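*Asks:* So here's protein34.tsv (TSV, C-alpha atoms).
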chain	number	residue	atom	x	y	z
A	3	MET	CA	-1.46	27.00	-3.78
A	4	ALA	CA	-1.14	24.81	-0.66
A	5	LEU	CA	0.57	21.46	-1.11
A	6	ASP	CA	-2.04	19.60	0.96
A	7	LEU	CA	0.49	17.06	2.18
A	8	PHE	CA	-0.43	13.87	4.01
A	9	THR	CA	0.81	13.71	7.60
A	10	PRO	CA	1.32	10.82	10.02
A	11	GLU	CA	-1.60	12.18	12.07
A	12	ASP	CA	-4.17	12.12	9.26
A	13	THR	CA	-3.12	9.11	7.17
A	14	ALA	CA	-3.63	5.34	7.10
A	15	ILE	CA	-1.58	2.88	5.04
A	16	VAL	CA	-3.47	0.15	3.21
A	17	LEU	CA	-1.61	-2.80	1.69
A	18	ILE	CA	-3.59	-5.11	-0.55
A	19	ASP	CA	-2.70	-8.68	-1.54
A	20	HIS	CA	1.09	-8.70	-1.15
A	21	GLN	CA	0.96	-12.48	-1.43
A	22	VAL	CA	3.81	-14.63	-2.70
A	23	GLY	CA	1.80	-16.15	-5.54
A	24	THR	CA	0.20	-12.94	-6.77
A	25	MET	CA	3.52	-11.09	-6.59
A	26	SER	CA	5.15	-13.77	-8.75
A	27	TRP	CA	2.77	-12.88	-11.60
A	28	VAL	CA	4.06	-9.30	-11.82
A	29	GLY	CA	6.22	-8.44	-14.81
A	30	SER	CA	6.20	-4.63	-14.74
A	31	ILE	CA	8.67	-4.25	-11.84
A	32	PRO	CA	11.32	-6.56	-10.36
A	33	PHE	CA	9.96	-8.73	-7.52
A	34	LYS	CA	12.74	-7.73	-5.11
A	35	GLU	CA	12.11	-3.99	-5.62
A	36	MET	CA	8.33	-4.32	-5.29
A	37	LYS	CA	8.70	-6.39	-2.12
A	38	ALA	CA	11.19	-3.98	-0.51
A	39	ASN	CA	8.90	-1.04	-1.26
A	40	ALA	CA	5.82	-2.74	0.20
A	41	LEU	CA	7.69	-3.74	3.34
A	42	ALA	CA	9.03	-0.18	3.65
A	43	LEU	CA	5.47	1.13	3.79
A	44	ALA	CA	4.66	-1.28	6.62
A	45	LYS	CA	7.85	-0.28	8.46
A	46	ALA	CA	6.93	3.38	8.03
A	47	ALA	CA	3.47	2.75	9.46
A	48	LYS	CA	4.97	1.16	12.55
A	49	ALA	CA	7.71	3.80	12.91
A	50	LEU	CA	5.18	6.65	12.78
A	51	ASP	CA	2.28	4.93	14.57
A	52	ILE	CA	0.14	5.18	11.43
A	53	PRO	CA	-2.82	2.76	11.19
A	54	LEU	CA	-1.92	-0.14	8.89
A	55	VAL	CA	-4.54	-2.30	7.19
A	56	LEU	CA	-3.47	-5.56	5.54
A	57	THR	CA	-5.65	-7.77	3.39
A	58	THR	CA	-5.30	-10.92	1.30
A	59	SER	CA	-7.42	-12.86	-1.15
A	60	MET	CA	-7.77	-16.63	-1.22
A	61	GLU	CA	-4.53	-17.44	0.60
A	62	ASP	CA	-5.16	-21.17	0.18
A	63	HIS	CA	-5.20	-20.88	-3.63
A	64	ALA	CA	-2.62	-19.81	-6.23
A	65	GLN	CA	-2.37	-16.35	-4.66
A	66	GLY	CA	-0.59	-17.90	-1.70
A	67	PRO	CA	0.16	-16.50	1.76
A	68	LEU	CA	0.92	-12.92	2.68
A	69	LEU	CA	4.64	-12.10	2.73
A	70	GLU	CA	5.92	-13.55	6.01
A	71	GLU	CA	7.97	-10.42	6.73
A	72	PHE	CA	4.75	-8.59	7.56
A	73	ALA	CA	4.37	-10.88	10.58
A	74	GLU	CA	7.73	-9.64	11.88
A	75	ILE	CA	7.19	-5.96	11.05
A	76	ALA	CA	3.56	-5.65	12.15
A	77	PRO	CA	2.54	-8.77	14.09
A	78	GLN	CA	-0.86	-7.52	15.25
A	79	GLU	CA	-1.83	-6.16	11.85
A	80	TYR	CA	-0.68	-9.41	10.27
A	81	LYS	CA	-2.84	-11.38	12.68
A	82	ASP	CA	-5.79	-9.03	12.09
A	83	ARG	CA	-5.42	-8.99	8.28
A	84	VAL	CA	-8.68	-9.22	6.38
A	85	GLN	CA	-8.69	-12.56	4.58
A	86	ARG	CA	-11.08	-12.13	1.67
A	87	THR	CA	-12.66	-15.10	-0.06
A	88	GLY	CA	-12.21	-13.84	-3.60
A	89	VAL	CA	-13.98	-10.47	-3.88
A	90	VAL	CA	-11.89	-8.44	-6.35
A	91	ASN	CA	-12.67	-4.95	-5.03
A	92	SER	CA	-11.50	-5.20	-1.43
A	93	MET	CA	-13.73	-2.24	-0.53
A	94	ASP	CA	-16.71	-4.49	-1.37
A	95	ASP	CA	-15.65	-6.77	1.49
A	96	PRO	CA	-17.50	-5.52	4.60
A	97	ALA	CA	-14.66	-6.48	6.97
A	98	PHE	CA	-12.07	-4.66	4.89
A	99	ALA	CA	-14.24	-1.57	4.39
A	100	ALA	CA	-14.83	-1.51	8.17
A	101	ALA	CA	-11.11	-1.87	8.89
A	102	VAL	CA	-10.34	1.12	6.66
A	103	LYS	CA	-13.17	3.18	8.16
A	104	ASN	CA	-12.14	2.25	11.71
A	105	THR	CA	-8.71	3.84	11.21
A	106	GLY	CA	-10.54	7.15	11.47
A	107	ARG	CA	-8.30	8.55	8.74
A	108	ARG	CA	-9.52	10.15	5.48
A	109	ASN	CA	-6.11	10.13	3.78
A	110	LEU	CA	-5.08	6.72	2.45
A	111	ILE	CA	-1.74	5.56	1.14
A	112	ILE	CA	-2.65	2.49	-0.91
A	113	ALA	CA	-0.42	-0.13	-2.51
A	114	GLY	CA	-1.53	-3.44	-3.91
A	115	VAL	CA	-0.63	-6.37	-6.11
A	116	THR	CA	-1.63	-6.15	-8.82
A	117	ASN	CA	-2.11	-2.46	-9.64
A	118	ASP	CA	-4.45	-3.34	-12.51
A	119	VAL	CA	-6.74	-5.52	-10.36
A	120	CYS	CA	-6.10	-5.37	-6.61
A	121	THR	CA	-5.31	-1.64	-6.40
A	122	VAL	CA	-7.48	0.04	-9.01
A	123	TYR	CA	-10.98	-0.88	-7.78
A	124	PRO	CA	-10.58	-0.12	-4.05
A	125	THR	CA	-8.84	3.13	-5.01
A	126	LEU	CA	-11.75	4.16	-7.24
A	127	THR	CA	-14.23	3.22	-4.50
A	128	ALA	CA	-12.28	5.09	-1.82
A	129	LEU	CA	-12.20	8.20	-4.00
A	130	GLU	CA	-15.96	7.93	-4.57
A	131	GLU	CA	-16.41	7.73	-0.80
A	132	GLY	CA	-14.49	10.95	-0.26
A	133	TYR	CA	-11.08	9.63	0.78
A	134	LYS	CA	-7.93	11.26	-0.54
A	135	VAL	CA	-5.65	8.61	-2.00
A	136	ARG	CA	-1.95	8.29	-2.74
A	137	VAL	CA	-1.26	5.15	-4.79
A	138	VAL	CA	2.31	3.93	-4.31
A	139	ALA	CA	2.91	2.56	-7.80
A	140	ASP	CA	6.25	0.86	-7.13
A	141	ALA	CA	4.99	-1.10	-4.11
A	142	GLY	CA	2.87	-3.06	-6.57
A	143	GLY	CA	2.89	-3.96	-10.22
A	144	SER	CA	0.98	-5.69	-12.99
A	145	MET	CA	1.61	-8.57	-15.38
A	146	THR	CA	2.71	-6.14	-18.12
A	147	LYS	CA	3.91	-2.56	-18.23
A	148	LEU	CA	0.96	-1.62	-20.44
A	149	ALA	CA	-1.49	-3.05	-17.89
A	150	ASP	CA	0.28	-1.14	-15.13
A	151	ASP	CA	0.35	2.14	-17.06
A	152	THR	CA	-3.34	2.00	-17.95
A	153	ALA	CA	-4.38	1.18	-14.37
A	154	LEU	CA	-2.26	4.00	-12.94
A	155	ARG	CA	-3.68	6.42	-15.51
A	156	ARG	CA	-7.24	5.36	-14.65
A	157	MET	CA	-6.64	5.94	-10.93
A	158	GLU	CA	-4.93	9.29	-11.56
A	159	ASN	CA	-7.75	10.44	-13.83
A	160	ALA	CA	-10.21	9.59	-11.03
A	161	GLY	CA	-8.32	11.80	-8.58
A	162	ALA	CA	-5.66	9.62	-6.96
A	163	VAL	CA	-2.13	10.97	-6.67
A	164	ILE	CA	0.36	8.45	-8.07
A	165	ALA	CA	3.58	8.31	-6.06
A	166	SER	CA	6.73	6.29	-5.60
A	167	VAL	CA	7.56	4.83	-2.21
A	168	ASN	CA	10.24	7.49	-1.64
A	169	THR	CA	7.81	10.28	-2.51
A	170	ALA	CA	5.19	8.88	-0.14
A	171	LEU	CA	7.67	8.48	2.71
A	172	THR	CA	9.32	11.87	2.29
A	173	GLU	CA	5.88	13.50	2.19
A	174	LEU	CA	5.24	12.05	5.64
A	175	ALA	CA	8.69	13.06	6.89
A	176	VAL	CA	8.70	16.71	5.73
A	177	ASN	CA	11.93	17.40	7.65
A	178	TRP	CA	14.65	14.83	8.38
A	179	ALA	CA	15.43	16.60	11.66
A	180	SER	CA	11.84	16.23	12.89
A	181	PRO	CA	10.74	13.24	14.98
A	182	ALA	CA	8.89	11.82	11.94
A	183	GLY	CA	11.92	12.38	9.72
A	184	GLN	CA	14.24	10.70	12.21
A	185	ALA	CA	11.87	7.72	12.52
A	186	LEU	CA	11.64	7.35	8.73
A	187	LEU	CA	15.30	7.87	7.88
A	188	PRO	CA	16.35	4.23	8.50
A	189	VAL	CA	13.42	3.00	6.37
A	190	VAL	CA	14.40	5.27	3.46
A	191	VAL	CA	18.11	4.44	3.77
A	192	GLU	CA	17.28	0.72	3.43
A	193	LEU	CA	15.81	1.46	0.00
A	194	ILE	CA	18.97	3.10	-1.40
A	195	PRO	CA	20.43	0.78	-4.05
A	196	GLN	CA	23.76	-0.71	-3.05
A	197	PRO	CA	26.58	-0.79	-5.64
In structure tokens, write the structure found in this file.
*Replies:*
Amino acid sequence: MALDLFTPEDTAIVLIDHQVGTMSWVGSIPFKEMKANALALAKAAKALDIPLVLTTSMEDHAQGPLLEEFAEIAPQEYKDRVQRTGVVNSMDDPAFAAAVKNTGRRNLIIAGVTNDVCTVYPTLTALEEGYKVRVVADAGGSMTKLADDTALRRMENAGAVIASVNTALTELAVNWASPAGQALLPVVVELIPQP
């Protein structure tokens, strides 16, 4: 059986609602770990020239602004982020759906905050529309572990592959000696816990 791995040439990375307010509501994973993992996905996109789509919801409300580090890592994508006005399923927002479609990629690596709201619905919609989806579970979270577990199970049952950030990145790398592997190595090394 073929592994059917995602590659830098056929994949887009989609990051949904990594906003300071929304992230502060997460209780299923430590904030620092979730943030590092989300930023690693953005760094990987830039290192491998993978299309990166960023979106937020109601930045001027409790959800707050997008993590400012995205502006440093991916300035154009940060500027071009789709600022939704409250629609829960980001794929229901015409500008966001167009941004995803315009990547020209049918393989999506998706991470969002929260997994049980921001990630689950666009993932289900993307699957219905024929995309293949990897959900990076530890680049998002939910208010409780139970909420996170049930959302991840729902997405997996619908056909998404649930992955960790390291699994998603090493799938793109394939070989550390390859150009992709060499480009990703610094991103992965940054994630190694320090004693």
*Asks:* Find the distance between atom CA of Ala153 of chain A and atom CA of Thr87 of chain A and write it in Å to one decimal.
*Replies:*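 Atom CA of Ala153 of chain A sits 23.2 Å away from atom CA of Thr87 of chain A.
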*Asks:* List as JSON, numbers by chain the protein and nucleic acid residues near Lys134 of chain A, meaning an atom at most 9 Å away when all atoms listed in the file are counted, but skip any in the same chain fewer than 6 places from it.
*Replies:* {"A": [108, 109, 110, 111, 128, 161, 162, 163]}
*Asks:* For the atom pair atom CA of Thr146 of chain A and atom CA of Val190 of chain A, what is the interatomic distance in Å to one decimal place?
*Replies:*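 Separating atom CA of Thr146 of chain A from atom CA of Val190 of chain A is a distance of 27.1 Å.
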*Asks:* Which residue, A:Val28, A:Val89, A:Ala113, A:Ala38, has the smallest gap to Leu69 of chain A when you use only C-alpha atoms?
*Replies:*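 The answer is A:Ala38, which sits nearest to Leu69 of chain A.
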*Asks:* Nearest to Leu43 of chain A among A:Gln184, A:Gln21, A:Thr169, A:Thr121, with distances taken over only C-alpha atoms: which residue is it?
*Replies:*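 Among the listed residues, the smallest separation from Leu43 of chain A belongs to A:Thr169.
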*Asks:* (12.6, 11.4, 8.9) in this file's frame - what residues fall within 12 Å of it? Use all atoms listed in the file and give the answer as a ChimeraX atom specification.
*Replies:* /A:10,46,49-50,168,170-191
*Asks:* Atom CA of Asp150 of chain A to atom CA of Leu68 of chain A: how many Å, to one decimal?
*Replies:*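 Atom-to-atom, atom CA of Asp150 of chain A to atom CA of Leu68 of chain A, that is 21.4 Å.
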*Asks:* Check the smallest atom-to-atom distance from each of A:Asp62, A:Glu130, A:Asp6, A:Asp118 to Gly88 of chain A using only C-alpha atoms, then report the winner.
*Replies:*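 Residue with the minimum atom-to-atom distance to Gly88 of chain A: A:Asp62.
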*Asks:* Of the candidates A:Met25, A:Ala64, A:Ile164, A:Val122, which one gets nearest to Ala149 of chain A if we count only C-alpha atoms?
*Replies:* A:Val122
*Asks:* Please give the centre and size of the box around segment 30-39 of chain A (axis-aligned, containing every atom listed in the file, 6 Å added per side), with values in Å to one decimal and written as AutoDock Vina command-line options.
*Replies:*
--center_x 9.5 --center_y -4.9 --center_z -7.6 --size_x 18.5 --size_y 19.7 --size_z 26.2
*Asks:* I need the residue nearest Thr125 of chain A from this list: A:Leu41, A:Met157, A:Val55, A:Ala99. Use only C-alpha atoms for the distance.
*Replies:* A:Met157
*Asks:* For Arg86 of chain A, list every protein, DNA or RNA residue within 10 Å, evaluated using only C-alpha atoms, and leave out those in the same chain fewer than 3 positions away; present the list as number ranges by chain.
*Replies:* A: 19, 57-61, 83, 89-92, 94-98
